[in-house]
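Worksheet for the structure shown next.
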Amino acid sequence: MRLELRHITPLVTILFGLTAACQAPKSPNELAWAIRYDPKTFDPAKVDEQASEEVRFLTGGVLIRLNRKTQQPEPELAASWSVSPDGRMISFHLRSGLRFSDGSPLTSKDVVWSLRRVLDPATAAPVADEFLAPQEVKVEAPDALTVKVHLPKRVIGVENVFDEIAIEPADRPSEGKVTSGPFIVADYKRGQYVQLGRNANYWRRDAVGAQLPYLTGIRLDVLNNREREISSFQRGEYDLIDGLPPDYFGLLQKKNPSAVLDLGASLNTEEMWFNQAPNAPLPDYERAWFQNRAFRVAVSQAIHRADLARIAYDGHATPAYGFVSPANRAWHNDGLRFPHEDVGASSQLLAGAGFHKNESSLIDAGGHAVKFSILTNAGNAARMKIATLIQQDLAALGMQVTVVALDFPALIERLMHKQDYEACLLGLSNVEPDPNTQMNVWLSSSPNHQWNPSEKTPATPWEAQIDKLMQEQGSTLLQKNRKLAFDQVQQIVADQQPFIYLVYPNTLYALSPNLVGVQPSIFQPGLIWNIANVRRQGTK
Amino acid sequence: MKRRVSVVVLALMVAAACVIVRLPGASYSAQDREVISSGATAHYWAGTDDVGRDRGVRVAVAVLLGLGGAAAAAAVTTAIAAGVGALAAFSAPAIASVLMLASDLFLSLPWLFLLMMVRSFLPLTTSPMHSAVVTFTILAALGWPACARAVYRGTLNLRSSEWMIQGRASGLRPAQLLRRHVLPHLLPLLVPQFLICVPAFIVAEANLGTLGLGIAQPLPSWGAMLQELDNSASLATSHWVYLPVIVLVMVLLLLESLTAEV
């Protein structure tokens, strides 16, 4: 018996009907995209990971919003603000007639309550630390539209902190159900989706006076599967992808060149480093290689970074020689001098440091063959390719490199607790351009000072110098002096190569071409920071 | 008949792989960075992988390494199983039940988790060749219990057979009994066990490799090559990316057809 096509068709229809039913229906003026995991909290004060932060960004009304395009703070719920000359008092003047999504008025009382809640140690709000001494911050409201914040000491870039504090109705925290931002949390199914609804009382209007946001809602699907995310995007079910993997860029571009965006170098870096910790369980001669500047510089000079960018990232990365990406225009050291790629110079440098080549292997002064492993995390295709390419680049010097991919918990165990590794290849993401956010990497006392964590006193004079300069840029008031100090830190790192920087991965987005008003930026959240002004083509 | 065809085809594949690996200029690790993810070219008959390595040579090495490693591991595992099974059958019931309990315990271990743990405890500088040896050794060490139980059952039957009783009665020592009567009769049980283990170990290595554990780069293994297939972008580059999986399926089919007819 043959199964005829007409028998199959109803079955196919039913199947399609079923798959369509699984997706929550999407109205024409609603957007959808994927978040990788469930938000840990909807309480805007307790946000400490990306999914929650994204929800807070879409729902929370803030006093000041940082324009991701210009990097300048702009008035939001506050019509204006001023900072006292000593930097220790900020006063906000609120817009009049503000209302929450439930229609209740928003006054200085709500602002004071929200700020105090964030500052209260009982709330344990991660953002509170940015005030340096949160318990000593005083907040007061002289009248219904004015709020004054007194700081115990000056905080550099204090306006940016208010970009992360959502104003909620006083005494009625609602976990995003009553907000002063463009959207509210309308529905949430764990493991499935977060549905955001439009806040009809949002204060902002467009140039012709129409109420914003344009969109009627947003659906955030919880989905940790790139393949499915990308095929949903291709079918038009998703409107954007933040952080498109480079290998998929070409694939999407081929189908629709206007659906993908490469904004050039991001703030993030990929780097490798050698373990220099004195208590690491390594043979003394190995530690001596890793602590030898000539050895590190020679390795750096032998790596073909252009190949890494071209092959591992399909061309969607920028070779890196320092830790501040050129995309960070305010802080990048344009005059940075760094060791250029030169395998010949690299061999000479090693010869000068007592290494010699025996047939094809490199031997140190004590007769030990130079062999080491590079550790990286399993499951990152680009990083694995980088490691394989470096393996061949260093083989040209006679170094025998093995590449080991471990799952993340095992990697962290070796890296942070046992310090049982030789070299490591990982990436660092920088959300903010300001050097203060990198303190934890550069201060020698920090546990995240990877090549030699938690030093009691700086192990080398140059690490002491970095400590001093980082403290200096964090305490000086003049922008010019901060930049000068931070430029020197960049120069010392380029000279000493404790981290060997490889590439800045580019910022890659996929964006439905029928969206109007998106202003893509390399700063997070790069596609949705002005969500109130985004709409679908042909809708009002 | 079918079995003979399978053996011939398998032998031809191995011979072809040996020839490819020995061709002048053949290298499984050299990266030609100007020719990335290509299809067949004049120089690379099966194209190159995502870092510009010769795909044909890599598949050939994977065939040899996979078959060789799995066969060695299967031999070891069958030998352990024969030893444990026979020992249990010929010793006191108490010892037998301890041995069988041990094999049950082995069977109930979460072996994937164990393999991952062992891999992360290995010295990091383990060379790629050593990592291959370790991977197959672990597979051999974990593969024996199911087989040992079959051997135990088989040997128990043998033990109470009439010709064994007659052998014992005519004064044969245990070693002689084992050589003359037990082993020849166990062979029909051990050969299929061995043949079942070979494809099973090849698949196990491939699974480990796709998790990024198992055999280290740049040594080619099925697992590492299958990893390339888990992303739709690389599938679009050239049809030759399917070569490793096609060859793997062929090898497994041939091996399975050997077991089917024993």
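So you can find residues: chains in the structure tokens are A, B, ... in the order shown, residues in each start at 1, and ligands are numbered from 1 in order.
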
- [ ] Counting only C-alpha atoms, collect the residues of chain A whose closest atom lies at most 8 Å from chain B, and write them out as a list of chain:residue names.
- [x] A:Glu227, A:Asp247, A:Tyr248, A:Gly250, A:Leu251, A:Asp307, A:Ile311, A:Ala312, A:Lys371, A:Phe372, A:Ser373, A:Leu375, A:Ala378, A:Gly379, A:Lys385, A:Thr388, A:Leu389, A:Gln392, A:Val401, A:Thr402, A:Val403, A:Val404, A:Ala405, A:Leu406, A:Ala410, A:Tyr421

Export, as an mmCIF file, in the first residue's frame, the selected residues with N, CA and C atoms.
```
data_model
loop_
_atom_site.group_PDB
_atom_site.id
_atom_site.type_symbol
_atom_site.label_atom_id
_atom_site.label_comp_id
_atom_site.auth_asym_id
_atom_site.auth_seq_id
_atom_site.Cartn_x
_atom_site.Cartn_y
_atom_site.Cartn_z
ATOM 1 N N GLU A 227 21.383 27.801 17.701
ATOM 2 C CA GLU A 227 20.835 27.315 16.436
ATOM 3 C C GLU A 227 19.358 27.668 16.319
ATOM 4 N N ASP A 247 30.516 33.035 13.264
ATOM 5 C CA ASP A 247 30.352 32.069 12.166
ATOM 6 C C ASP A 247 28.965 32.145 11.518
ATOM 7 N N TYR A 248 27.985 32.688 12.252
ATOM 8 C CA TYR A 248 26.646 32.786 11.670
ATOM 9 C C TYR A 248 26.437 34.089 10.908
ATOM 10 N N GLY A 250 28.053 35.445 8.374
ATOM 11 C CA GLY A 250 28.072 35.275 6.925
ATOM 12 C C GLY A 250 26.812 34.585 6.423
ATOM 13 N N LEU A 251 26.355 33.602 7.204
ATOM 14 C CA LEU A 251 25.169 32.843 6.818
ATOM 15 C C LEU A 251 23.945 33.757 6.716
ATOM 16 N N ASP A 307 45.637 36.525 11.583
ATOM 17 C CA ASP A 307 45.087 35.201 11.257
ATOM 18 C C ASP A 307 43.995 34.811 12.254
ATOM 19 N N ILE A 311 40.520 33.903 10.758
ATOM 20 C CA ILE A 311 40.122 32.491 10.724
ATOM 21 C C ILE A 311 39.157 32.141 11.862
ATOM 22 N N ALA A 312 39.491 32.556 13.090
ATOM 23 C CA ALA A 312 38.648 32.153 14.218
ATOM 24 C C ALA A 312 37.366 32.976 14.281
ATOM 25 N N LYS A 371 57.740 23.194 27.071
ATOM 26 C CA LYS A 371 56.450 22.544 26.815
ATOM 27 C C LYS A 371 55.466 23.145 27.782
ATOM 28 N N PHE A 372 54.312 23.539 27.319
ATOM 29 C CA PHE A 372 53.283 23.956 28.271
ATOM 30 C C PHE A 372 51.908 23.778 27.651
ATOM 31 N N SER A 373 50.900 23.861 28.503
ATOM 32 C CA SER A 373 49.535 23.688 28.007
ATOM 33 C C SER A 373 48.805 25.017 28.076
ATOM 34 N N LEU A 375 45.088 26.372 28.647
ATOM 35 C CA LEU A 375 43.792 25.942 29.155
ATOM 36 C C LEU A 375 42.713 26.866 28.609
ATOM 37 N N ALA A 378 35.694 24.507 27.370
ATOM 38 C CA ALA A 378 35.117 23.684 26.309
ATOM 39 C C ALA A 378 33.845 24.353 25.796
ATOM 40 N N GLY A 379 33.575 24.166 24.527
ATOM 41 C CA GLY A 379 32.305 24.626 23.994
ATOM 42 C C GLY A 379 32.333 25.998 23.348
ATOM 43 N N LYS A 385 39.559 27.522 18.243
ATOM 44 C CA LYS A 385 40.319 27.769 17.008
ATOM 45 C C LYS A 385 41.526 28.652 17.300
ATOM 46 N N THR A 388 44.216 26.561 18.739
ATOM 47 C CA THR A 388 44.857 25.696 17.747
ATOM 48 C C THR A 388 45.802 26.489 16.849
ATOM 49 N N LEU A 389 45.402 27.722 16.526
ATOM 50 C CA LEU A 389 46.268 28.562 15.686
ATOM 51 C C LEU A 389 47.530 28.965 16.457
ATOM 52 N N GLN A 392 50.183 26.310 16.540
ATOM 53 C CA GLN A 392 51.082 26.252 15.387
ATOM 54 C C GLN A 392 52.039 27.441 15.356
ATOM 55 N N VAL A 401 53.136 23.095 22.519
ATOM 56 C CA VAL A 401 51.958 23.546 23.256
ATOM 57 C C VAL A 401 50.858 22.506 23.139
ATOM 58 N N THR A 402 50.245 22.140 24.265
ATOM 59 C CA THR A 402 49.040 21.324 24.187
ATOM 60 C C THR A 402 47.852 22.207 24.548
ATOM 61 N N VAL A 403 46.735 21.914 23.923
ATOM 62 C CA VAL A 403 45.531 22.701 24.180
ATOM 63 C C VAL A 403 44.578 21.834 24.994
ATOM 64 N N VAL A 404 44.110 22.354 26.105
ATOM 65 C CA VAL A 404 43.201 21.580 26.946
ATOM 66 C C VAL A 404 41.912 22.372 27.144
ATOM 67 N N ALA A 405 40.798 21.772 26.748
ATOM 68 C CA ALA A 405 39.509 22.418 26.975
ATOM 69 C C ALA A 405 38.840 21.731 28.159
ATOM 70 N N LEU A 406 38.481 22.501 29.168
ATOM 71 C CA LEU A 406 37.802 21.943 30.339
ATOM 72 C C LEU A 406 36.432 22.583 30.472
ATOM 73 N N ALA A 410 35.484 23.045 36.222
ATOM 74 C CA ALA A 410 36.836 22.497 36.370
ATOM 75 C C ALA A 410 37.885 23.568 36.062
ATOM 76 N N TYR A 421 47.772 25.488 36.612
ATOM 77 C CA TYR A 421 47.734 25.567 35.151
ATOM 78 C C TYR A 421 48.976 26.332 34.711
#
```

Open item on the list: Which of stretch 374-493 of chain A end up as strand (DSSP E or B) when DSSP is run on this backbone - answer as a PyMOL selection string?
Closed with: chain A and resi 374-377+400-406+423-428

- [ ] Give me the residues within 12 Å of B:Ser91 as JSON, numbers by chain, counting only C-alpha atoms and dropping any in the same chain fewer than 6 places off.
- [x] {"B": [83, 84, 85, 97, 98, 99, 100, 152, 155, 156, 159, 174]}

Residues as selected, C-alpha atoms, written as a CSV table (one decimal), in the first residue's frame, can you do that?
```
chain,number,residue,atom,x,y,z
B,83,GLY,CA,39.6,-13.3,33.4
B,84,VAL,CA,37.0,-12.0,35.8
B,85,GLY,CA,34.2,-14.2,34.5
B,97,SER,CA,29.2,-13.1,44.3
B,98,VAL,CA,31.8,-10.4,45.3
B,99,LEU,CA,33.2,-10.4,41.8
B,100,MET,CA,29.8,-10.1,40.2
B,152,TYR,CA,30.5,-16.0,34.0
B,155,THR,CA,31.6,-20.7,32.2
B,156,LEU,CA,29.2,-21.9,34.9
B,159,ARG,CA,31.9,-26.1,34.5
B,174,PRO,CA,43.0,-26.5,36.5
```

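Going from atom CA of A:His304 to atom CA of A:Val343 covers 9.4 Å.
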
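Residue neighbourhood of A:Asp86, excluding near-sequence residues (fewer than 3 positions): Val83, Met89, Lys153, Arg154 and Leu477 of chain A, at 10 Å, using only C-alpha atoms.
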
Open item on the list: Report as a PyMOL selection string all protein, DNA and RNA residues lying within 10 Å of A:Ser101, evaluated on only C-alpha atoms, omitting residues in the same chain fewer than 2 positions from it.
Closed with: chain A and resi 98-99+103-106+169+177-184+198-203

If you keep C-alpha atoms, can you produce a file of those selected residues as a JSON list (two decimals), in the first residue's frame?
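The resulting file, selection.json, is shown below:
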```
[["chain", "number", "residue", "atom", "x", "y", "z"],
["A", 98, "LEU", "CA", 4.76, 62.07, 36.08],
["A", 99, "ARG", "CA", 2.69, 58.95, 36.69],
["A", 103, "GLY", "CA", -1.95, 55.86, 37.08],
["A", 104, "SER", "CA", -0.75, 56.95, 40.54],
["A", 105, "PRO", "CA", 1.37, 60.14, 40.63],
["A", 106, "LEU", "CA", 5.17, 59.89, 40.80],
["A", 169, "PRO", "CA", 6.10, 53.57, 43.89],
["A", 177, "LYS", "CA", 4.34, 45.15, 37.60],
["A", 178, "VAL", "CA", 3.98, 48.87, 38.37],
["A", 179, "THR", "CA", 6.73, 50.87, 36.70],
["A", 180, "SER", "CA", 7.69, 54.32, 35.52],
["A", 181, "GLY", "CA", 9.55, 53.05, 32.44],
["A", 182, "PRO", "CA", 8.24, 52.26, 28.95],
["A", 183, "PHE", "CA", 7.04, 48.70, 29.76],
["A", 184, "ILE", "CA", 5.69, 46.60, 32.60],
["A", 198, "ARG", "CA", 3.13, 48.75, 27.27],
["A", 199, "ASN", "CA", 3.03, 51.38, 30.01],
["A", 200, "ALA", "CA", 0.25, 53.68, 28.80],
["A", 201, "ASN", "CA", 1.32, 56.34, 31.34],
["A", 202, "TYR", "CA", 4.97, 56.57, 30.25],
["A", 203, "TRP", "CA", 5.96, 60.23, 30.29]]
```

- [ ] Would you list the contacts of stretch 248-254 of chain B as a list in words, taking every protein, DNA or RNA residue within 8 Å and counting only C-alpha atoms, but skipping same-chain residues closer than 4 positions in sequence?
- [x]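 Residues near the query, excluding close chain neighbours: Ser6, Val7, Val9, Leu10, Val63, Pro199, Trp222, Pro244 and Leu258 of chain B.
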